[in-house]
>>> print(open('input.txt').read())   # compact mmCIF, C-alpha atoms
# COMPACT_ATOMS: atom_id res chain seq x y z
CA MET A 25 -5.24 9.08 -2.38
CA LYS A 26 -6.28 11.73 -4.86
CA VAL A 27 -9.76 13.18 -5.01
CA PHE A 28 -11.46 11.95 -8.19
CA HIS A 29 -14.24 13.49 -10.25
CA CYS A 30 -16.43 12.18 -13.03
CA GLN A 31 -15.17 13.98 -16.14
CA HIS A 32 -18.65 13.82 -17.64
CA CYS A 33 -20.52 15.73 -14.89
CA GLN A 34 -17.73 16.75 -12.42
CA ASN A 35 -19.39 14.88 -9.55
CA THR A 36 -17.00 13.70 -6.82
CA VAL A 37 -16.48 9.94 -6.98
CA PHE A 38 -14.56 7.34 -5.00
CA PHE A 39 -11.58 5.25 -6.04
CA GLU A 40 -13.71 2.10 -5.92
CA ASN A 41 -16.65 3.41 -8.01
CA VAL A 42 -17.62 1.72 -11.29
CA ASN A 43 -20.35 4.23 -12.16
CA CYS A 44 -20.91 7.88 -11.34
CA THR A 45 -23.71 8.09 -8.77
CA HIS A 46 -24.88 11.37 -10.33
CA CYS A 47 -24.91 10.81 -14.10
CA GLY A 48 -24.43 7.03 -14.25
CA HIS A 49 -21.38 7.27 -16.52
CA ALA A 50 -19.05 4.24 -16.53
CA LEU A 51 -15.89 4.73 -14.46
CA ALA A 52 -12.63 2.80 -14.28
CA PHE A 53 -9.13 3.36 -12.94
CA LEU A 54 -6.31 3.82 -15.46
CA PRO A 55 -3.03 2.60 -13.90
CA ASP A 56 -0.89 4.13 -16.65
CA SER A 57 -1.98 7.67 -15.67
CA CYS A 58 -3.29 7.05 -12.11
CA GLU A 59 -6.69 8.50 -12.98
CA LEU A 60 -10.20 7.36 -12.24
CA ALA A 61 -11.72 8.08 -15.63
CA ALA A 62 -15.18 8.40 -17.05
CA LEU A 63 -15.38 6.12 -20.08
CA ASP A 64 -17.34 6.20 -23.30
CA PRO A 65 -17.92 2.90 -25.15
CA ASP A 66 -15.90 2.45 -28.32
CA GLU A 67 -15.84 -0.26 -30.96
CA ASN A 68 -14.75 -3.87 -30.32
CA ASP A 69 -15.58 -3.80 -26.59
CA LEU A 70 -13.08 -1.00 -26.02
CA TRP A 71 -13.60 2.15 -23.98
CA ARG A 72 -12.40 5.71 -24.57
CA SER A 73 -11.18 7.83 -21.69
CA LEU A 74 -12.60 11.28 -20.92
CA ALA A 75 -9.89 12.06 -18.32
CA PRO A 76 -7.56 14.98 -19.21
CA ALA A 77 -4.22 13.13 -18.99
CA SER A 78 -5.51 10.22 -21.10
CA LYS A 79 -8.06 11.97 -23.28
CA ASP A 80 -9.35 9.69 -26.07
CA ARG A 81 -6.95 6.85 -25.25
CA ARG A 82 -8.61 3.47 -25.60
CA TYR A 83 -8.75 0.78 -22.91
CA ARG A 84 -10.15 -2.64 -22.17
CA LEU A 85 -11.75 -3.49 -18.84
CA CYS A 86 -9.87 -5.96 -16.65
CA ALA A 87 -11.21 -9.50 -17.11
CA ASN A 88 -12.03 -9.62 -13.40
CA TYR A 89 -14.13 -6.51 -13.96
CA LEU A 90 -16.08 -8.20 -16.74
CA GLN A 91 -16.39 -11.73 -15.33
CA HIS A 92 -16.66 -11.28 -11.57
CA GLN A 93 -17.22 -7.55 -10.87
CA VAL A 94 -14.35 -7.55 -8.36
CA CYS A 95 -12.12 -5.03 -10.14
CA ASN A 96 -12.56 -1.56 -11.64
CA TRP A 97 -9.18 -1.21 -13.36
CA THR A 98 -8.26 -1.27 -17.05
CA VAL A 99 -5.54 -2.39 -19.45
CA PRO A 100 -4.39 -0.38 -22.49
CA ALA A 101 -6.13 -1.41 -25.68
CA ASP A 102 -2.84 -1.99 -27.49
CA GLY A 103 -1.57 -4.48 -24.88
CA HIS A 104 -2.01 -8.24 -24.75
CA ASP A 105 -2.91 -8.64 -21.07
CA THR A 106 -6.48 -9.45 -20.08
CA LEU A 107 -5.91 -8.70 -16.37
CA CYS A 108 -4.91 -5.31 -14.97
CA VAL A 109 -1.54 -4.66 -13.31
CA SER A 110 -3.05 -5.39 -9.88
CA CYS A 111 -4.99 -8.55 -10.72
CA ARG A 112 -1.99 -10.02 -12.58
CA LEU A 113 -0.16 -10.20 -9.26
CA THR A 114 -2.70 -12.60 -7.73
CA GLN A 115 -1.66 -16.19 -8.37
CA VAL A 116 -4.06 -18.14 -6.14
CA LEU A 117 -7.73 -17.32 -5.56
CA PRO A 118 -10.20 -18.66 -3.02
CA ASN A 119 -12.54 -21.41 -4.23
CA LEU A 120 -15.27 -19.17 -5.66
CA GLU A 121 -17.81 -22.00 -5.58
CA LEU A 122 -17.83 -21.94 -1.78
CA PRO A 123 -20.34 -19.61 -0.07
CA GLY A 124 -18.99 -16.16 0.64
CA LYS A 125 -15.64 -16.63 -1.11
CA LEU A 126 -16.44 -14.35 -4.05
CA GLN A 127 -17.28 -11.54 -1.62
CA ALA A 128 -14.14 -12.26 0.39
CA TRP A 129 -11.99 -12.19 -2.75
CA ALA A 130 -13.57 -8.89 -3.78
CA ARG A 131 -12.66 -7.34 -0.41
CA LEU A 132 -9.09 -8.65 -0.68
CA GLU A 133 -8.64 -7.24 -4.18
CA THR A 134 -10.12 -3.90 -3.14
CA ALA A 135 -7.51 -3.55 -0.39
CA LYS A 136 -4.75 -4.75 -2.72
CA ARG A 137 -5.62 -2.13 -5.34
CA ARG A 138 -5.13 0.62 -2.76
CA LEU A 139 -1.74 -0.89 -2.00
CA ILE A 140 -0.77 -1.06 -5.68
CA TYR A 141 -1.94 2.52 -6.22
CA SER A 142 0.47 3.69 -3.50
CA LEU A 143 3.35 1.62 -4.90
CA ILE A 144 2.80 3.16 -8.34
CA GLU A 145 2.65 6.66 -6.87
CA LEU A 146 5.85 6.03 -4.89
CA LYS A 147 7.52 4.80 -8.11
CA LEU A 148 8.66 1.61 -6.43
CA PRO A 149 9.79 -1.39 -8.50
CA LEU A 150 6.65 -3.37 -9.28
CA LEU A 151 7.15 -6.48 -11.40
CA SER A 152 5.04 -9.62 -11.54
CA ARG A 153 6.42 -13.16 -11.47
CA GLN A 154 5.74 -13.29 -15.21
CA GLN A 155 8.04 -10.29 -15.73
CA ASP A 156 10.70 -11.37 -13.25
CA ALA A 157 10.53 -14.99 -12.07
CA VAL A 158 13.20 -14.41 -9.42
CA ARG A 159 12.37 -11.01 -7.92
CA GLY A 160 8.77 -10.48 -8.98
CA LEU A 161 5.89 -9.85 -6.55
CA ALA A 162 2.95 -12.24 -6.21
CA PHE A 163 -0.06 -12.81 -3.95
CA GLU A 164 -2.03 -15.87 -2.98
CA PHE A 165 -5.30 -15.85 -1.07
CA LEU A 166 -5.72 -19.12 0.82
CA SER A 167 -8.63 -20.53 2.85
CA ASP A 168 -8.24 -22.56 6.02
CA GLU A 169 -10.61 -25.32 4.82
CA LEU A 170 -8.32 -26.04 1.85
CA ALA A 171 -5.06 -25.94 3.82
CA PRO A 172 -3.91 -29.47 4.76
CA ALA A 173 -1.27 -28.16 7.19
CA GLY A 174 -3.73 -26.24 9.34
CA PRO A 175 -4.86 -22.60 9.54
CA VAL A 176 -3.39 -20.31 6.88
CA LEU A 177 -0.84 -17.83 8.18
CA THR A 178 -0.57 -14.43 6.53
CA GLY A 179 3.05 -13.80 5.60
CA HIS A 180 5.79 -13.16 3.05
CA ASP A 181 8.25 -15.59 1.51
CA ASP A 182 10.74 -14.35 -1.09
CA GLY A 183 8.27 -12.13 -2.94
CA LEU A 184 5.20 -14.32 -2.43
CA ILE A 185 2.66 -12.74 -0.09
CA THR A 186 0.04 -15.04 1.40
CA ILE A 187 -3.12 -13.54 2.87
CA SER A 188 -5.57 -15.68 4.80
CA VAL A 189 -9.03 -15.36 3.27
CA ALA A 190 -10.42 -15.41 6.82
CA GLU A 191 -9.01 -11.89 7.27
CA ALA A 192 -11.64 -10.64 4.81
CA ASP A 193 -14.34 -11.55 7.34
CA ASP A 194 -14.82 -8.54 9.63
CA LEU A 195 -15.99 -10.63 12.57
CA GLU A 196 -13.11 -13.10 12.30
CA ARG A 197 -10.55 -10.32 11.90
CA GLU A 198 -11.90 -8.53 14.96
CA LYS A 199 -11.80 -11.78 16.93
CA ARG A 200 -8.14 -12.23 16.03
CA ARG A 201 -7.38 -8.61 16.86
CA LEU A 202 -8.79 -9.07 20.35
CA GLN A 203 -7.04 -12.42 20.88
CA LEU A 204 -3.69 -10.87 19.96
CA HIS A 205 -4.35 -7.67 21.97
CA GLU A 206 -3.83 -5.52 18.87
CA PRO A 207 -5.17 -1.95 18.71
CA TYR A 208 -5.44 -2.07 14.90
CA ARG A 209 -5.98 -4.85 12.35
CA THR A 210 -7.19 -4.22 8.80
CA LEU A 211 -6.88 -5.88 5.41
CA LEU A 212 -5.00 -2.88 4.01
CA GLY A 213 -2.69 -2.94 7.03
CA HIS A 214 -1.87 -6.60 6.29
CA PHE A 215 -1.00 -5.81 2.68
CA ARG A 216 1.17 -2.85 3.63
CA HIS A 217 3.00 -4.82 6.32
CA GLU A 218 3.74 -7.84 4.12
CA VAL A 219 4.85 -5.78 1.13
CA GLY A 220 7.28 -4.08 3.51
CA HIS A 221 9.11 -7.40 3.80
CA TYR A 222 9.28 -7.58 0.00
CA TYR A 223 10.79 -4.12 -0.32
CA TRP A 224 13.32 -4.85 2.42
CA ASP A 225 14.61 -7.55 0.10
CA ARG A 226 14.52 -5.23 -2.91
CA LEU A 227 15.90 -2.02 -1.40
CA ILE A 228 17.93 -2.96 1.69
CA LYS A 229 19.19 -6.53 1.59
CA ASP A 230 21.83 -6.19 -1.13
CA ASN A 231 22.80 -2.55 -0.59
CA ALA A 232 25.68 -2.44 1.91
CA GLU A 233 25.27 1.24 2.80
CA ARG A 234 21.52 0.97 3.40
CA LEU A 235 21.94 -2.29 5.29
CA ASP A 236 24.42 -0.74 7.71
CA ALA A 237 22.09 2.21 8.29
CA PHE A 238 19.16 -0.19 8.77
CA ARG A 239 21.03 -2.21 11.39
CA ALA A 240 21.99 0.93 13.29
CA LEU A 241 18.30 1.79 13.72
CA PHE A 242 16.38 -1.48 13.60
CA GLY A 243 18.93 -4.03 14.82
CA ASP A 244 20.66 -7.09 13.38
CA GLU A 245 18.27 -9.01 11.16
CA SER A 246 20.57 -12.06 11.21
CA ASP A 247 19.25 -12.96 14.67
CA ASP A 248 17.28 -16.23 14.55
CA TYR A 249 13.88 -15.16 13.20
CA ALA A 250 11.87 -18.25 14.19
CA ALA A 251 13.29 -18.21 17.71
CA ALA A 252 12.54 -14.49 18.03
CA LEU A 253 8.89 -15.01 17.10
CA GLN A 254 8.53 -17.95 19.49
CA ARG A 255 9.98 -15.82 22.25
CA HIS A 256 7.62 -12.96 21.42
CA TYR A 257 4.49 -15.13 21.48
CA LYS A 258 5.64 -16.85 24.68
CA ASP A 259 6.87 -13.86 26.69
CA GLY A 260 5.25 -10.88 24.96
CA ALA A 261 6.83 -7.53 24.17
CA PRO A 262 9.29 -5.78 26.50
CA ALA A 263 7.65 -3.55 29.08
CA ASP A 264 9.19 -0.45 27.48
CA TRP A 265 8.45 -1.37 23.86
CA GLN A 266 6.62 1.92 23.21
CA THR A 267 9.86 3.87 23.59
CA ASN A 268 11.44 2.08 20.61
CA PHE A 269 8.74 0.58 18.39
CA VAL A 270 5.55 1.58 16.56
CA SER A 271 3.78 -1.56 17.84
CA SER A 272 4.39 -4.39 20.28
CA TYR A 273 4.78 -6.85 17.39
CA ALA A 274 7.54 -4.68 15.93
CA SER A 275 9.65 -5.54 18.99
CA SER A 276 9.79 -9.23 18.02
CA HIS A 277 12.54 -8.97 15.38
CA PRO A 278 14.21 -6.28 13.20
CA TRP A 279 12.39 -7.58 10.11
CA GLU A 280 9.03 -7.15 11.83
CA ASP A 281 10.08 -3.75 13.14
CA TRP A 282 10.85 -2.73 9.55
CA ALA A 283 7.57 -4.12 8.17
CA GLU A 284 5.47 -2.47 10.88
CA THR A 285 7.26 0.85 10.38
CA TRP A 286 6.90 0.55 6.59
CA ALA A 287 3.15 -0.04 6.97
CA HIS A 288 2.87 3.05 9.18
CA TYR A 289 4.78 5.08 6.62
CA MET A 290 2.35 4.00 3.92
CA HIS A 291 -0.56 4.94 6.19
CA MET A 292 1.03 8.38 6.53
CA VAL A 293 1.68 8.94 2.83
CA ASP A 294 -1.77 7.84 1.68
CA SER A 295 -3.64 9.78 4.39
CA LEU A 296 -1.59 12.95 3.91
CA GLU A 297 -2.10 12.77 0.16
CA THR A 298 -5.84 12.50 0.74
CA ALA A 299 -5.79 15.42 3.17
CA ALA A 300 -3.84 17.52 0.65
CA ALA A 301 -6.20 16.60 -2.19
CA CYS A 302 -9.22 17.53 -0.04
CA GLY A 303 -7.66 20.84 1.04
CA LEU A 304 -7.97 19.82 4.69
CA ALA A 305 -6.55 22.28 7.23
CA LEU A 306 -6.67 22.78 10.99
CA GLN A 307 -7.09 26.34 12.14
CA PRO A 308 -5.59 26.65 15.65
CA ARG A 309 -7.01 29.34 17.94
CA ARG A 310 -4.52 29.10 20.78
CA ARG A 311 -0.82 28.49 21.13
CA GLY A 312 0.08 24.81 21.18
CA GLU A 313 -2.85 23.56 19.14
CA PRO A 314 -1.85 21.39 16.15
CA ALA A 315 -1.61 23.02 12.74
CA LEU A 316 -1.83 21.10 9.47
CA GLU A 317 0.07 22.87 6.68
CA VAL A 318 -1.49 21.44 3.56
CA PRO A 319 0.97 20.70 0.72
CA PRO A 320 -0.05 22.27 -2.60
CA ASN A 321 -0.60 18.90 -4.30
CA ALA A 322 -0.36 15.15 -3.83
CA GLU A 323 3.21 14.97 -5.14
CA ALA A 324 4.31 17.53 -2.57
CA ALA A 325 2.54 15.54 0.14
CA ARG A 326 4.79 12.56 -0.66
CA THR A 327 8.07 14.45 -1.10
CA GLN A 328 7.86 17.21 1.52
CA PRO A 329 10.69 17.41 4.07
CA PHE A 330 10.26 14.76 6.72
CA GLU A 331 9.99 17.29 9.58
CA GLN A 332 6.98 18.86 7.87
CA MET A 333 5.53 15.44 7.06
CA ILE A 334 5.66 14.19 10.63
CA ASP A 335 4.26 17.48 11.97
CA ASN A 336 1.39 17.21 9.49
CA TRP A 337 0.86 13.57 10.40
CA LEU A 338 0.61 14.23 14.11
CA SER A 339 -1.83 17.05 13.43
CA LEU A 340 -3.88 14.94 11.06
CA THR A 341 -4.13 11.99 13.48
CA TYR A 342 -5.26 14.41 16.20
CA ALA A 343 -8.12 15.44 13.92
CA LEU A 344 -8.89 11.89 12.79
CA ASN A 345 -9.06 10.52 16.31
CA ASN A 346 -11.25 13.36 17.53
CA LEU A 347 -13.59 12.92 14.58
CA SER A 348 -13.80 9.19 15.32
CA ARG A 349 -14.60 9.87 18.96
CA SER A 350 -17.26 12.34 17.88
CA LEU A 351 -18.93 9.47 16.03
CA GLY A 352 -18.62 7.12 18.99
CA GLN A 353 -15.94 5.06 17.24
CA ALA A 354 -12.50 3.87 18.35
CA ASP A 355 -9.51 5.99 17.38
CA SER A 356 -8.69 5.79 13.68
CA TYR A 357 -4.97 5.82 14.52
CA PRO A 358 -4.50 4.17 17.94
CA PHE A 359 -0.72 4.60 18.14
CA MET A 360 1.82 6.79 19.89
CA LEU A 361 5.00 7.57 17.97
CA SER A 362 8.13 7.77 20.11
CA PRO A 363 11.21 9.75 18.97
CA ARG A 364 12.90 6.45 18.11
CA SER A 365 9.97 5.33 15.97
CA ILE A 366 9.94 8.69 14.22
CA GLU A 367 13.62 8.27 13.34
CA LYS A 368 12.81 4.92 11.76
CA LEU A 369 10.04 6.55 9.71
CA ARG A 370 12.53 9.23 8.69
CA PHE A 371 14.92 6.53 7.45
CA ILE A 372 12.23 5.08 5.18
CA HIS A 373 11.18 8.50 3.91
CA GLU A 374 14.69 9.68 3.08
CA MET A 375 15.58 6.37 1.43
CA LEU A 376 12.50 6.56 -0.81
CA VAL A 377 13.11 10.21 -1.69
CA GLN A 378 16.68 9.31 -2.69
CA TYR A 379 15.41 6.40 -4.74
CA GLN A 380 12.79 8.53 -6.50
CA THR A 381 15.35 11.29 -7.17
CA ALA A 382 17.68 8.78 -8.78
CA LEU A 383 14.85 7.55 -11.00
CA GLN A 384 14.06 11.10 -12.13
CA GLN A 385 17.67 11.56 -13.19
CA GLN A 386 17.47 8.67 -15.62
CA PRO A 387 17.30 9.55 -19.33
CA THR A 388 14.00 9.50 -21.18
CA VAL A 389 13.17 5.95 -22.19
CA THR A 390 13.24 5.29 -25.93
CA ALA A 391 13.15 2.02 -27.80
CA LYS A 392 16.93 2.23 -28.16
CA SER A 393 17.65 3.09 -24.53
CA ARG A 394 15.00 0.96 -22.80
CA GLY A 395 17.41 -1.90 -22.08
CA LYS A 396 19.99 0.43 -20.51
CA VAL A 397 17.38 2.16 -18.35
CA GLN A 398 15.95 -1.16 -17.17
CA LYS A 399 19.44 -2.30 -16.21
CA LYS A 400 19.99 0.93 -14.25
CA ARG A 401 16.64 0.50 -12.44
CA GLN A 402 17.70 -2.97 -11.36
CA THR A 403 20.97 -1.53 -10.03
CA LEU A 404 19.10 1.16 -8.06
CA ALA A 405 16.79 -1.44 -6.52
CA ALA A 406 19.85 -3.45 -5.46
>>> encode(input="input.txt", output="structure tokens")
Amino acid sequence: MKVFHCQHCQNTVFFENVNCTHCGHALAFLPDSCELAALDPDENDLWRSLAPASKDRRYRLCANYLQHQVCNWTVPADGHDTLCVSCRLTQVLPNLELPGKLQAWARLETAKRRLIYSLIELKLPLLSRQQDAVRGLAFEFLSDELAPAGPVLTGHDDGLITISVAEADDLEREKRRLQLHEPYRTLLGHFRHEVGHYYWDRLIKDNAERLDAFRALFGDESDDYAAALQRHYKDGAPADWQTNFVSSYASSHPWEDWAETWAHYMHMVDSLETAAACGLALQPRRRGEPALEVPPNAEAARTQPFEQMIDNWLSLTYALNNLSRSLGQADSYPFMLSPRSIEKLRFIHEMLVQYQTALQQQPTVTAKSRGKVQKKRQTLAA
């Protein structure tokens, strides 16, 4: 995540802010330029950006910003959408008339916007069901009390990601974490895990070369998935799971191994980008102490060689965990990465770098060439 500033007074602000806490200026995120911008009111309920990359462009606030105060993103003034690129992906909402559901929905959308920010920054294919009815991405937030078949299960099904609204309750999520003996359970982690399943379908499933490489590292995904999960919940993870997997759940099936590893990779990219944007560095005093070599900018944090990325990650988690312990909190990153798990993270990193490089080699999009470029993007994703 970048470090954002109010362009009106230069005060540091957070990604989720809707007003500058120093000068009170209106703030909103602009997905087309990935900026959190200070806004000046314009005519016809439009707003004018003060951010450098979008100076004087006009925007409308997302309808969920205006009606429910659960979003702080915008849509371009010349577009026809009323919802931002993130909110358009949500197809089913909780029943907002029930107590606490508006607050739960707000927490779900806040986590989802961080996910969508990362997907935009990684230049991954991001189409809604309205744009692509077959391969588009969608979310539904379901409550247990409205589910006739029993408790809602968080999961992914052919591009549709279901998140249980109960996960937005901190107490309930912690209860489930303890019941399942998990060291880590967060809303953002759920989103990153489930979208990993979606991008397996988009980037691996129909690409023979990538699929072979995936199977060599993660295993054969054609093994019976339902039976594998039943076995995992009945017998637990293998005693030596830490030598091969980032989590015990990752040992249940190659698809879950991929999704868990994907989520960890997104943790890495977002945290390292934040560290780079903040200028964070560790200054070792003795041989063997970890050293964080800060990339010059956020783009470099995402595209640096994997060896440097993993070295920086291990150093950063050392600092994060020690800071957490200094505050009397549990470790921020309660995981140990084995050499095998690191190789799986490398596979994801190198695949995404190759994908992004191929995108950069595409010709500049014009009205005449837009159809050809879109066709080539679809081929790359396949």
>>> closest_residue(input="input.txt", among="A:Leu296, A:Val176, A:Met375, A:Ala252", to="Ser276 in chain A", atoms="only C-alpha atoms")
A:Ala252
>>> residues_near_point(input="input.txt", point="(-4.8, 2.5, 16.9)", cutoff="6 Å", atoms="all atoms listed in the file", output="list in words")
Pro207, Tyr208, Asp355, Tyr357, Pro358 and Phe359 of chain A
>>> atom_distance(input="input.txt", atom1="CA of Leu235 in chain A", atom2="CA of Ser271 in chain A")
22.1 Å
>>> closest_residue(input="input.txt", among="A:Phe238, A:Tyr83, A:Tyr289, A:Trp337", to="Ala62 in chain A", atoms="only C-alpha atoms")
A:Tyr83
>>> residues_around(input="input.txt", residues="Leu344 in chain A", least_positions_apart="2", cutoff="8 Å", atoms="all atoms listed in the file", output="list in words")
Leu340, Thr341, Tyr342, Asn346, Leu347, Ser348, Asp355, Ser356 and Tyr357 of chain A
>>> atom_distance(input="input.txt", atom1="CA of Pro65 in chain A", atom2="CA of Arg84 in chain A")
10.0 Å
>>> axis_aligned_box(input="input.txt", around="range 226-229 of chain A", padding_each_side="8 Å", output="AutoDock Vina command-line options")
--center_x 16.9 --center_y -4.3 --center_z -0.6 --size_x 20.7 --size_y 20.5 --size_z 20.6
>>> atom_distance(input="input.txt", atom1="CA of Leu369 in chain A", atom2="CA of Arg226 in chain A")
17.8 Å
>>> residues_around(input="input.txt", residues="Lys229 in chain A", least_positions_apart="3", cutoff="12 Å", atoms="all atoms listed in the file", output="PyMOL selection string")
chain A and resi 182+221-226+232-239+244-246+279+405-406
>>> residues_around(input="input.txt", residues="Cys302 in chain A", least_positions_apart="3", cutoff="8 Å", atoms="only C-alpha atoms", output="PyMOL selection string")
chain A and resi 27+298-299
>>> residues_around(input="input.txt", residues="Leu376 in chain A", least_positions_apart="3", cutoff="10 Å", atoms="all atoms listed in the file", output="VMD selection string")
chain A and resid 146 to 148 227 326 to 327 370 to 373 379 to 382
>>> residues_around(input="input.txt", residues="range 109-113 of chain A", least_positions_apart="6", cutoff="10 Å", atoms="only C-alpha atoms", output="ChimeraX atom specification")
/A:54-56,86-89,94-95,97-99,133-134,136-141,150-154,160-164,184-185
>>> residues_near_point(input="input.txt", point="(-8.2, -1.6, 9.1)", cutoff="10 Å", atoms="only C-alpha atoms", output="count of residues only")
13
>>> build_atoms(input="input.txt", residues="range 247-267 of chain A", atoms="N, CA and C atoms", output="tab-separated table (two decimals), in the frame of the given file")
chain	number	residue	atom	x	y	z
A	247	ASP	N	19.70	-12.22	13.49
A	247	ASP	CA	19.25	-12.96	14.67
A	247	ASP	C	18.18	-13.98	14.25
A	248	ASP	N	18.18	-15.13	14.90
A	248	ASP	CA	17.28	-16.23	14.55
A	248	ASP	C	15.82	-15.74	14.55
A	249	TYR	N	15.23	-15.72	13.35
A	249	TYR	CA	13.88	-15.16	13.20
A	249	TYR	C	12.83	-16.03	13.87
A	250	ALA	N	12.88	-17.34	13.62
A	250	ALA	CA	11.87	-18.25	14.19
A	250	ALA	C	11.93	-18.23	15.71
A	251	ALA	N	13.14	-18.24	16.26
A	251	ALA	CA	13.29	-18.21	17.71
A	251	ALA	C	12.77	-16.90	18.29
A	252	ALA	N	13.00	-15.81	17.57
A	252	ALA	CA	12.54	-14.49	18.03
A	252	ALA	C	11.02	-14.45	18.10
A	253	LEU	N	10.35	-15.01	17.09
A	253	LEU	CA	8.89	-15.01	17.10
A	253	LEU	C	8.34	-15.91	18.20
A	254	GLN	N	8.96	-17.07	18.40
A	254	GLN	CA	8.53	-17.95	19.49
A	254	GLN	C	8.65	-17.25	20.83
A	255	ARG	N	9.76	-16.55	21.00
A	255	ARG	CA	9.98	-15.82	22.25
A	255	ARG	C	8.93	-14.73	22.43
A	256	HIS	N	8.60	-14.04	21.34
A	256	HIS	CA	7.62	-12.96	21.42
A	256	HIS	C	6.24	-13.50	21.82
A	257	TYR	N	5.81	-14.59	21.18
A	257	TYR	CA	4.49	-15.13	21.48
A	257	TYR	C	4.44	-15.79	22.86
A	258	LYS	N	5.59	-16.23	23.36
A	258	LYS	CA	5.64	-16.85	24.68
A	258	LYS	C	5.70	-15.80	25.80
A	259	ASP	N	6.59	-14.81	25.61
A	259	ASP	CA	6.87	-13.86	26.69
A	259	ASP	C	6.23	-12.48	26.47
A	260	GLY	N	5.80	-12.20	25.24
A	260	GLY	CA	5.25	-10.88	24.96
A	260	GLY	C	6.33	-9.85	24.69
A	261	ALA	N	5.90	-8.62	24.47
A	261	ALA	CA	6.83	-7.53	24.17
A	261	ALA	C	7.49	-7.02	25.44
A	262	PRO	N	8.66	-6.40	25.33
A	262	PRO	CA	9.29	-5.78	26.50
A	262	PRO	C	8.38	-4.72	27.11
A	263	ALA	N	8.52	-4.50	28.39
A	263	ALA	CA	7.65	-3.55	29.08
A	263	ALA	C	7.78	-2.14	28.51
A	264	ASP	N	8.95	-1.80	28.00
A	264	ASP	CA	9.19	-0.45	27.48
A	264	ASP	C	9.15	-0.39	25.96
A	265	TRP	N	8.42	-1.30	25.32
A	265	TRP	CA	8.45	-1.37	23.86
A	265	TRP	C	8.01	-0.07	23.20
A	266	GLN	N	7.13	0.69	23.83
A	266	GLN	CA	6.62	1.92	23.21
A	266	GLN	C	7.69	2.98	23.02
A	267	THR	N	8.79	2.88	23.75
A	267	THR	CA	9.86	3.87	23.59
A	267	THR	C	10.70	3.62	22.34
